[in-house]
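A quick write-up on the structure given underneath.
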Amino acid sequence: MYLDTQLAQQIVDRTMAIIDTNINVMNDRGIIISSGDPQRIGHLHDGALLAIQHGDTVEITAQSSQSLKGVKPGINLLLKHNDQLIGVVGITGDPGSIRHLAQLVKMTSEMIIERSLLIEQLQWDKRHIEEFLSGWVNNELSEQELQSWAQRLSIDIHQPRVAVLIELQEDSPSKQMDHLRQIVDMLEYPQRNNLVAVVAMNQILVLKPCQHKSDRWDHEKESRRIDQLIENLAHQGIRKLHIALGEYFPSPTDIPLSFQSAKQVLELGKQHLPKQIKYLYQDMRMAVLLSPLQKNWQGAQLSSAIAQLKHHDKNGQLLKTLHRLFEHQGNLTDCANSLYIHRNTLRYRLNKIEQITQISPHNFNGLVELYIGCQITN
């Protein structure tokens, strides 16, 4: 354990707020590293050296202080952590008048040190957990490494979890960072048992526990929990965000798949429904499963027909009609009624779509091909 100047200054500030006398903090070599009297910082304190040499408290009277270097009357007490000497705290004043304060100052100083160490340990653990989560969701750990990391960090990787991505959309970087911290603090509440990591400047990953039975999970319950989170964040003034819930996979080694699904849901959600906050895998399942087609020639073939339709459909009427036909599963009567048009008008529009795309929406295969094309076309 090393007593640095920042921690020493905390001891000085907090103890001098309790008692009305000067406090000095010396390191384990007797050098003043913090003091209520800044001019004394950096000087060797003979009283502290005596306390270190004798291994006990040393009182300095007005008479004995004259023969010591850099010393005023007072009491010097050893500071220890786990029975290891880390420094000395000195109280300036007549020993007889301040003796009743000595143990209070010592106890306060060591409590400050313990608290600082605890915070440092928690921050260290948090960094390790974030590193572990990053390696886990990006599939960078072998199964043995996964088990080893989890054991060291006391994480149960067999707890069923599903990935959630939260992305902030704040214009101000400072406001975004503040909101990022607020959300992380809220999600890391121990009773929630979430695993949380900041994965980008504006993104938070949450591996949240989920209920399951026979490899099925209650995605509706998770959706309601996200609604509650959105409501809680709104109460704190955090409204500019998107939240994506991925798919649940039962094996710990498949957590990267849950993460990938959440990323794709977020990407497609922002692309097609930018004003919406919550995106669910269950609502976008087909679009997510078909999205890999965008990167190969088959996808280009499927989307070319929709691109042609967009080019010729200047007012968007044909695309709207096609989407409404999808919604009504090809039923012409229901589709026409929902659009408040005659069936003959609907047939005219569908014929126009076939003329432009060379794909007929009148039959099942053609309708499916057009549907897939719409799903994978930006």
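Each chain of the structure tokens is named A, B, ... in the order shown, its residues numbered from 1; ligands are numbered from 1 in display order.
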Out of region 91-219 of chain A, which residues get strand (DSSP E) from DSSP, as a PyMOL selection string? chain A and resi 91-92+161-168+195-200+203-209+212-213+216-217
Residues of the last selection are to be written out with C-alpha atoms, as a PDB file, in the first residue's frame.
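Wrote result_37.pdb, looks like this:
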```pdb
ATOM      1  CA  ILE A  91      -1.397  16.919  14.949  1.00  0.00           C
ATOM      2  CA  THR A  92       0.074  20.349  15.729  1.00  0.00           C
ATOM      3  CA  ARG A 161     -28.892 -13.812 -19.988  1.00  0.00           C
ATOM      4  CA  VAL A 162     -29.888 -11.813 -23.031  1.00  0.00           C
ATOM      5  CA  ALA A 163     -28.045  -8.869 -24.580  1.00  0.00           C
ATOM      6  CA  VAL A 164     -29.452  -5.347 -24.546  1.00  0.00           C
ATOM      7  CA  LEU A 165     -27.784  -2.381 -26.244  1.00  0.00           C
ATOM      8  CA  ILE A 166     -28.481   1.189 -25.173  1.00  0.00           C
ATOM      9  CA  GLU A 167     -27.332   3.973 -27.485  1.00  0.00           C
ATOM     10  CA  LEU A 168     -27.454   7.638 -26.498  1.00  0.00           C
ATOM     11  CA  LEU A 195     -23.540  -7.322 -16.232  1.00  0.00           C
ATOM     12  CA  VAL A 196     -22.831  -3.863 -17.630  1.00  0.00           C
ATOM     13  CA  ALA A 197     -20.068  -2.516 -19.867  1.00  0.00           C
ATOM     14  CA  VAL A 198     -19.567   0.700 -21.817  1.00  0.00           C
ATOM     15  CA  VAL A 199     -18.704  -0.601 -25.302  1.00  0.00           C
ATOM     16  CA  ALA A 200     -18.507   2.742 -27.138  1.00  0.00           C
ATOM     17  CA  GLN A 203     -23.236   2.706 -26.137  1.00  0.00           C
ATOM     18  CA  ILE A 204     -23.862   0.543 -23.085  1.00  0.00           C
ATOM     19  CA  LEU A 205     -24.080  -3.240 -23.209  1.00  0.00           C
ATOM     20  CA  VAL A 206     -26.220  -5.017 -20.629  1.00  0.00           C
ATOM     21  CA  LEU A 207     -26.267  -8.791 -20.237  1.00  0.00           C
ATOM     22  CA  LYS A 208     -29.440  -9.015 -18.221  1.00  0.00           C
ATOM     23  CA  PRO A 209     -30.835 -12.088 -16.470  1.00  0.00           C
ATOM     24  CA  HIS A 212     -36.623 -19.214 -19.407  1.00  0.00           C
ATOM     25  CA  LYS A 213     -38.241 -22.608 -19.526  1.00  0.00           C
ATOM     26  CA  ARG A 216     -37.840 -20.606 -24.261  1.00  0.00           C
ATOM     27  CA  TRP A 217     -37.727 -17.199 -22.668  1.00  0.00           C
TER      28      TRP A 217
END
```
Mind checking which residues fall within 9 Å of region 55-62 of chain A, counting only C-alpha atoms, ignoring those fewer than 3 positions away in the same chain, and posting them as a ChimeraX atom specification? /A:47-48,50-52,65-66,71-78,85,93-96
Expected file: the selected residues, C-alpha atoms, as a PDB file, in the first residue's frame:
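So the final result, stored in part14.pdb, reads:
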```pdb
ATOM      1  CA  GLY A  47       8.953  13.753  14.735  1.00  0.00           C
ATOM      2  CA  ALA A  48       7.608  11.384  12.091  1.00  0.00           C
ATOM      3  CA  LEU A  50      11.107   9.139  15.524  1.00  0.00           C
ATOM      4  CA  ALA A  51       7.643   7.563  15.412  1.00  0.00           C
ATOM      5  CA  ILE A  52       8.734   5.317  12.507  1.00  0.00           C
ATOM      6  CA  SER A  65      10.728  20.480  19.345  1.00  0.00           C
ATOM      7  CA  GLN A  66      13.670  22.909  19.537  1.00  0.00           C
ATOM      8  CA  VAL A  71       8.947  19.950  13.886  1.00  0.00           C
ATOM      9  CA  LYS A  72       6.419  21.891  15.956  1.00  0.00           C
ATOM     10  CA  PRO A  73       4.851  20.718  19.214  1.00  0.00           C
ATOM     11  CA  GLY A  74       2.285  17.999  18.611  1.00  0.00           C
ATOM     12  CA  ILE A  75       1.555  14.292  18.441  1.00  0.00           C
ATOM     13  CA  ASN A  76       2.684  11.954  15.636  1.00  0.00           C
ATOM     14  CA  LEU A  77       0.782   8.699  15.098  1.00  0.00           C
ATOM     15  CA  LEU A  78       1.612   5.790  12.811  1.00  0.00           C
ATOM     16  CA  LEU A  85       3.374   1.034   7.998  1.00  0.00           C
ATOM     17  CA  GLY A  93      -0.429  21.703  19.252  1.00  0.00           C
ATOM     18  CA  ASP A  94       0.386  21.197  22.889  1.00  0.00           C
ATOM     19  CA  PRO A  95       0.280  17.403  23.499  1.00  0.00           C
ATOM     20  CA  GLY A  96      -1.600  17.831  26.751  1.00  0.00           C
TER      21      GLY A  96
END
```
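Ranking A:Ala305, A:Val105, A:Leu44, A:Ile155 by their shortest atom-to-atom distance to His128 (chain A), with only C-alpha atoms included, puts A:Ile155 first.
Considering only C-alpha atoms, the residue among A:Gln236, A:Gly90, A:Leu79, A:Ile157 positioned nearest to Ile23 (chain A) is A:Gly90.
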Spatial neighbours of Ser304 (chain A), 12 Å, only C-alpha atoms, chain gap at least 4 places, as a ChimeraX atom specification: /A:294,297-300,308-311,356-359,369-370,372-374,376-378
Grab the residues selected above and save them as a PDB file, in the first residue's frame with N, CA and C atoms.
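Contents of result27.pdb, freshly written:
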```
ATOM      1  N   GLN A 294     -27.771  -8.816 -47.574  1.00  0.00           N
ATOM      2  CA  GLN A 294     -27.368  -7.527 -48.141  1.00  0.00           C
ATOM      3  C   GLN A 294     -25.923  -7.551 -48.645  1.00  0.00           C
ATOM      4  N   TRP A 297     -24.411 -11.415 -53.642  1.00  0.00           N
ATOM      5  CA  TRP A 297     -25.074 -11.149 -54.920  1.00  0.00           C
ATOM      6  C   TRP A 297     -26.553 -11.510 -54.900  1.00  0.00           C
ATOM      7  N   GLN A 298     -26.905 -12.522 -54.078  1.00  0.00           N
ATOM      8  CA  GLN A 298     -28.320 -12.879 -54.004  1.00  0.00           C
ATOM      9  C   GLN A 298     -29.146 -11.717 -53.437  1.00  0.00           C
ATOM     10  N   GLY A 299     -28.574 -11.072 -52.429  1.00  0.00           N
ATOM     11  CA  GLY A 299     -29.258  -9.921 -51.851  1.00  0.00           C
ATOM     12  C   GLY A 299     -29.407  -8.794 -52.856  1.00  0.00           C
ATOM     13  N   ALA A 300     -28.364  -8.588 -53.662  1.00  0.00           N
ATOM     14  CA  ALA A 300     -28.422  -7.543 -54.690  1.00  0.00           C
ATOM     15  C   ALA A 300     -29.539  -7.836 -55.693  1.00  0.00           C
ATOM     16  N   GLN A 308     -35.821  -0.487 -58.249  1.00  0.00           N
ATOM     17  CA  GLN A 308     -36.521  -0.055 -59.461  1.00  0.00           C
ATOM     18  C   GLN A 308     -37.887   0.547 -59.121  1.00  0.00           C
ATOM     19  N   LEU A 309     -38.578  -0.119 -58.192  1.00  0.00           N
ATOM     20  CA  LEU A 309     -39.900   0.364 -57.791  1.00  0.00           C
ATOM     21  C   LEU A 309     -39.805   1.753 -57.144  1.00  0.00           C
ATOM     22  N   LYS A 310     -38.819   1.942 -56.282  1.00  0.00           N
ATOM     23  CA  LYS A 310     -38.638   3.246 -55.635  1.00  0.00           C
ATOM     24  C   LYS A 310     -38.347   4.330 -56.665  1.00  0.00           C
ATOM     25  N   HIS A 311     -37.582   3.964 -57.681  1.00  0.00           N
ATOM     26  CA  HIS A 311     -37.195   4.939 -58.713  1.00  0.00           C
ATOM     27  C   HIS A 311     -38.423   5.424 -59.495  1.00  0.00           C
ATOM     28  N   ILE A 356     -43.168  -2.841 -63.382  1.00  0.00           N
ATOM     29  CA  ILE A 356     -41.888  -2.191 -63.052  1.00  0.00           C
ATOM     30  C   ILE A 356     -40.844  -3.206 -62.603  1.00  0.00           C
ATOM     31  N   THR A 357     -41.246  -4.165 -61.751  1.00  0.00           N
ATOM     32  CA  THR A 357     -40.288  -5.073 -61.105  1.00  0.00           C
ATOM     33  C   THR A 357     -40.090  -6.385 -61.855  1.00  0.00           C
ATOM     34  N   GLN A 358     -41.030  -6.702 -62.758  1.00  0.00           N
ATOM     35  CA  GLN A 358     -41.027  -8.000 -63.439  1.00  0.00           C
ATOM     36  C   GLN A 358     -41.275  -9.146 -62.460  1.00  0.00           C
ATOM     37  N   ILE A 359     -41.863  -8.834 -61.313  1.00  0.00           N
ATOM     38  CA  ILE A 359     -42.228  -9.843 -60.299  1.00  0.00           C
ATOM     39  C   ILE A 359     -43.701  -9.636 -59.971  1.00  0.00           C
ATOM     40  N   GLU A 369     -40.942 -12.891 -52.643  1.00  0.00           N
ATOM     41  CA  GLU A 369     -39.705 -12.304 -53.159  1.00  0.00           C
ATOM     42  C   GLU A 369     -39.699 -10.784 -52.965  1.00  0.00           C
ATOM     43  N   LEU A 370     -40.833 -10.142 -53.213  1.00  0.00           N
ATOM     44  CA  LEU A 370     -40.932  -8.695 -53.013  1.00  0.00           C
ATOM     45  C   LEU A 370     -40.801  -8.339 -51.526  1.00  0.00           C
ATOM     46  N   ILE A 372     -39.110 -10.031 -49.175  1.00  0.00           N
ATOM     47  CA  ILE A 372     -37.698 -10.164 -48.799  1.00  0.00           C
ATOM     48  C   ILE A 372     -36.889  -8.984 -49.335  1.00  0.00           C
ATOM     49  N   GLY A 373     -37.194  -8.593 -50.577  1.00  0.00           N
ATOM     50  CA  GLY A 373     -36.501  -7.440 -51.155  1.00  0.00           C
ATOM     51  C   GLY A 373     -36.700  -6.185 -50.335  1.00  0.00           C
ATOM     52  N   CYS A 374     -37.937  -5.973 -49.870  1.00  0.00           N
ATOM     53  CA  CYS A 374     -38.215  -4.802 -49.009  1.00  0.00           C
ATOM     54  C   CYS A 374     -37.464  -4.879 -47.688  1.00  0.00           C
ATOM     55  N   ILE A 376     -34.575  -6.185 -46.999  1.00  0.00           N
ATOM     56  CA  ILE A 376     -33.117  -6.023 -47.046  1.00  0.00           C
ATOM     57  C   ILE A 376     -32.677  -4.772 -47.803  1.00  0.00           C
ATOM     58  N   THR A 377     -33.664  -3.960 -48.246  1.00  0.00           N
ATOM     59  CA  THR A 377     -33.326  -2.747 -48.988  1.00  0.00           C
ATOM     60  C   THR A 377     -33.383  -1.544 -48.079  1.00  0.00           C
ATOM     61  N   ASN A 378     -32.322  -0.736 -48.089  1.00  0.00           N
ATOM     62  CA  ASN A 378     -32.279   0.461 -47.243  1.00  0.00           C
ATOM     63  C   ASN A 378     -33.275   1.494 -47.740  1.00  0.00           C
TER      64      ASN A 378
END
```
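Rounded to one decimal, CA of Gln355 (chain A) and CA of Ala307 (chain A) lie 13.8 Å from each other.
With CA of Leu104 (chain A) on one side and CA of Asn82 (chain A) on the other, the separation reads 19.0 Å.
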I need the residues in region 42-143 of chain A that are alpha helix (DSSP H) according to DSSP; give them as a PyMOL selection string. chain A and resi 46-54+62-65+95-137+143
Selection from above, C-alpha atoms, as a PDB file, in the first residue's frame, can you write it?
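Now in result-v1.pdb:
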```
ATOM      1  CA  ASP A  46      11.956  14.527  12.525  1.00  0.00           C
ATOM      2  CA  GLY A  47       8.953  13.753  14.735  1.00  0.00           C
ATOM      3  CA  ALA A  48       7.608  11.384  12.091  1.00  0.00           C
ATOM      4  CA  LEU A  49      11.040   9.753  11.767  1.00  0.00           C
ATOM      5  CA  LEU A  50      11.107   9.139  15.524  1.00  0.00           C
ATOM      6  CA  ALA A  51       7.643   7.563  15.412  1.00  0.00           C
ATOM      7  CA  ILE A  52       8.734   5.317  12.507  1.00  0.00           C
ATOM      8  CA  GLN A  53      11.966   4.314  14.277  1.00  0.00           C
ATOM      9  CA  HIS A  54      10.242   3.560  17.591  1.00  0.00           C
ATOM     10  CA  ALA A  62       7.603  22.824  22.937  1.00  0.00           C
ATOM     11  CA  GLN A  63      10.967  22.117  24.616  1.00  0.00           C
ATOM     12  CA  SER A  64      11.812  18.934  22.671  1.00  0.00           C
ATOM     13  CA  SER A  65      10.728  20.480  19.345  1.00  0.00           C
ATOM     14  CA  PRO A  95       0.280  17.403  23.499  1.00  0.00           C
ATOM     15  CA  GLY A  96      -1.600  17.831  26.751  1.00  0.00           C
ATOM     16  CA  SER A  97      -4.347  19.831  25.047  1.00  0.00           C
ATOM     17  CA  ILE A  98      -4.766  17.683  21.948  1.00  0.00           C
ATOM     18  CA  ARG A  99      -4.145  14.215  23.354  1.00  0.00           C
ATOM     19  CA  HIS A 100      -7.893  13.467  23.451  1.00  0.00           C
ATOM     20  CA  LEU A 101      -8.044  14.158  19.697  1.00  0.00           C
ATOM     21  CA  ALA A 102      -5.150  11.924  18.705  1.00  0.00           C
ATOM     22  CA  GLN A 103      -7.027   8.607  18.384  1.00  0.00           C
ATOM     23  CA  LEU A 104      -9.921  10.334  16.637  1.00  0.00           C
ATOM     24  CA  VAL A 105      -7.549  11.713  13.997  1.00  0.00           C
ATOM     25  CA  LYS A 106      -5.810   8.346  13.618  1.00  0.00           C
ATOM     26  CA  MET A 107      -9.116   6.488  13.284  1.00  0.00           C
ATOM     27  CA  THR A 108     -10.487   9.029  10.790  1.00  0.00           C
ATOM     28  CA  SER A 109      -7.289   8.884   8.734  1.00  0.00           C
ATOM     29  CA  GLU A 110      -7.294   5.088   8.541  1.00  0.00           C
ATOM     30  CA  MET A 111     -11.001   5.050   7.663  1.00  0.00           C
ATOM     31  CA  ILE A 112     -10.289   7.435   4.777  1.00  0.00           C
ATOM     32  CA  ILE A 113      -7.475   5.136   3.616  1.00  0.00           C
ATOM     33  CA  GLU A 114      -9.716   2.042   3.826  1.00  0.00           C
ATOM     34  CA  ARG A 115     -12.502   3.762   1.908  1.00  0.00           C
ATOM     35  CA  SER A 116     -10.071   4.908  -0.773  1.00  0.00           C
ATOM     36  CA  LEU A 117      -8.724   1.371  -1.149  1.00  0.00           C
ATOM     37  CA  LEU A 118     -12.253  -0.029  -1.385  1.00  0.00           C
ATOM     38  CA  ILE A 119     -13.189   2.457  -4.128  1.00  0.00           C
ATOM     39  CA  GLU A 120      -9.951   1.688  -5.970  1.00  0.00           C
ATOM     40  CA  GLN A 121     -10.661  -2.037  -5.733  1.00  0.00           C
ATOM     41  CA  LEU A 122     -14.223  -1.588  -6.987  1.00  0.00           C
ATOM     42  CA  GLN A 123     -12.995   0.469  -9.938  1.00  0.00           C
ATOM     43  CA  TRP A 124     -10.338  -2.149 -10.662  1.00  0.00           C
ATOM     44  CA  ASP A 125     -12.953  -4.918 -10.524  1.00  0.00           C
ATOM     45  CA  LYS A 126     -15.245  -2.910 -12.793  1.00  0.00           C
ATOM     46  CA  ARG A 127     -12.485  -2.507 -15.401  1.00  0.00           C
ATOM     47  CA  HIS A 128     -11.812  -6.243 -15.270  1.00  0.00           C
ATOM     48  CA  ILE A 129     -15.513  -7.024 -15.673  1.00  0.00           C
ATOM     49  CA  GLU A 130     -15.732  -4.709 -18.696  1.00  0.00           C
ATOM     50  CA  GLU A 131     -12.679  -6.384 -20.234  1.00  0.00           C
ATOM     51  CA  PHE A 132     -14.211  -9.798 -19.570  1.00  0.00           C
ATOM     52  CA  LEU A 133     -17.579  -8.816 -21.085  1.00  0.00           C
ATOM     53  CA  SER A 134     -15.880  -7.370 -24.156  1.00  0.00           C
ATOM     54  CA  GLY A 135     -13.928 -10.586 -24.679  1.00  0.00           C
ATOM     55  CA  TRP A 136     -17.024 -12.708 -24.030  1.00  0.00           C
ATOM     56  CA  VAL A 137     -19.479 -10.984 -26.386  1.00  0.00           C
ATOM     57  CA  GLU A 143     -14.227 -21.953 -23.263  1.00  0.00           C
TER      58      GLU A 143
END
```
